[in-house]
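A short worksheet on the structure shown next.
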Amino acid sequence: MFNYVCYMMKKLLVFLFLILVIAVFALQFQPVKQTVAAVITKPTYLNKGGATIKERVKVPNNYKRVVYDSTSFQYYIRHQNLKNYGAKVINYDGEPYFYQLGHLGVLDIDVPSNGLQQCADALIRLRSEYLWETNQKSKIGFEFTSGHYCSWNKYAEGYRPKVNGNKVTFHKTASSNHSKINFYNYLNLIYTYSGTMSLNNELKEITSIKDLKIGDMLIVGGFPGHVIMIADIVENEAGERRFLLIQGNTPAQSIHLLKNLDDTSISPWYKLQLNSEISVPGFTFTNSKFVRFIDE
């Protein structure tokens with residue numbers, strides 16, 4: 001009798017052990033299956049062969065790109081040429097930036113070796129190049145951090161600033177020169193005396209997400225501050241919007257199209273909100289503020 005009881009107990013233990021093994025296997029298998037499925041079905045908005053911002057990033061389902069006139073600043077930014085996919089972000093000294101995981105495109109724009117074209121300056125460069133190429137040179141002008149306005153027209157006529165602390169006066173000390181080379185000399189001057197603080201103080205603030213356009217900028221003015229630019233916008237029938245972002249940085253480096261590392265499910269698209277925390281590769285805006293270049 002005792003042997004029979006022992007025999008039955010062993011069979012019961014073996015049975016319970018088998019049930020436990022099956023249960024553990026089932027619990028482990030299901031998440032793995034779900035994870036694999038999620039990786040396989042996760043949408044990608046990347047087109048590696050895309051040669052412009054518009055071509056490099058696909059539109060999410062049920063969204064459409066906001067339409068802009070072909071002569072507009074918005075169209076100009078959306079159609080910026082990109083280097084081949086995989087291009088590295090390069091510092092002004094020709095060396096690769098230490099962090100290469102935050103971008104999926106590099107704009108085909110040179111980085112001057114003088115190191116002046118940092119975050120705000122890169123976006124000033126884009127704006128100025130657009131105005132130059134569309135024969136709107138009279139609109140090229142920016143405030144110094146001191147608040148003094150410096151226009152390309154006056155610079156081209158030979159006027160140069162004399163800076164004494166926060167006091168700036170302009171004097172004609174050079175001959176007239178309206179060349180493209182001198183235009184870049186002008187921009188170097190702007191890079192030296194302008195920055196996030198001057199843009200923050202000078203430019204028009206946008207107070208509604210629905211009013212944002214390509215070319216508008218997310219900014220925090222300071223020393224240091226930071227600023228990035230909206231490079232594309234899509235919208236669905238419910239009015240919900242998604243945004244692409246580009247930035248230069250410090251040290252002076254390639255302007256690049258950003259990934260969304262906080263929400264990889266929609267990367268590189270971003271959801272943007274006013275007065276909220278917005279993180280981009282390398283920087284966090286703790287209280288978002290958006291500004292727009294004048295005349296846009």
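Chain labels follow the order of the structure tokens: the first chain is A, the next B, and so on; residue numbering restarts at 1 in every chain, and ligands are counted from 1 in their shown order.
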Once DSSP has gone over the backbone, tell me which residues of stretch 40-168 of chain A are in strand (DSSP E or B), as a PyMOL selection string. chain A and resi 46+52+57+63-65+81-82+90-91+96+103-107+141-143+149-151+159-164+167-168
Set the distance at 7 Å and use only C-alpha atoms: which residues neighbour stretch 44-47 of chain A once local chain neighbours fewer than 3 positions away are removed? I'd like the list as a PyMOL selection string. chain A and resi 50+55-59
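For the pair atom CA of A:Gly115 and atom CA of A:Pro251, the separation is 7.0 Å.
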Test item: residues at most 9 Å from A:Val111, only C-alpha atoms, excluding those fewer than 3 positions along its chain, as a PDB file with C-alpha atoms, in the first residue's frame:
ATOM      1  CA  ILE A  90      30.706  67.328 -39.245  1.00  0.00           C
ATOM      2  CA  ASN A  91      32.168  70.012 -37.009  1.00  0.00           C
ATOM      3  CA  TYR A  92      33.658  73.223 -38.435  1.00  0.00           C
ATOM      4  CA  ASP A  93      37.160  71.735 -38.116  1.00  0.00           C
ATOM      5  CA  GLY A  94      36.276  68.849 -40.439  1.00  0.00           C
ATOM      6  CA  ASN A 114      35.907  79.838 -38.589  1.00  0.00           C
ATOM      7  CA  GLY A 115      33.538  78.116 -36.112  1.00  0.00           C
ATOM      8  CA  LEU A 116      31.049  81.000 -36.039  1.00  0.00           C
ATOM      9  CA  GLN A 117      28.025  79.311 -37.661  1.00  0.00           C
ATOM     10  CA  ALA A 122      22.803  78.226 -39.059  1.00  0.00           C
ATOM     11  CA  ALA A 252      29.528  74.917 -35.286  1.00  0.00           C
ATOM     12  CA  GLN A 253      28.507  71.898 -37.325  1.00  0.00           C
ATOM     13  CA  SER A 254      26.388  70.549 -40.179  1.00  0.00           C
ATOM     14  CA  ILE A 255      22.715  71.484 -40.164  1.00  0.00           C
TER      15      ILE A 255
END
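Our summary of the geometry notes that atom CA of A:Val89 is positioned 23.5 Å from atom CA of A:Ile233.
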Looking at A:Met197, A:Leu212, A:Ala231, A:Ile278, which one is nearest to A:Thr52, with distances taken over only C-alpha atoms? A:Ala231
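Separating atom CA of A:Lys137 from atom CA of A:Gly165 is a distance of 29.1 Å.
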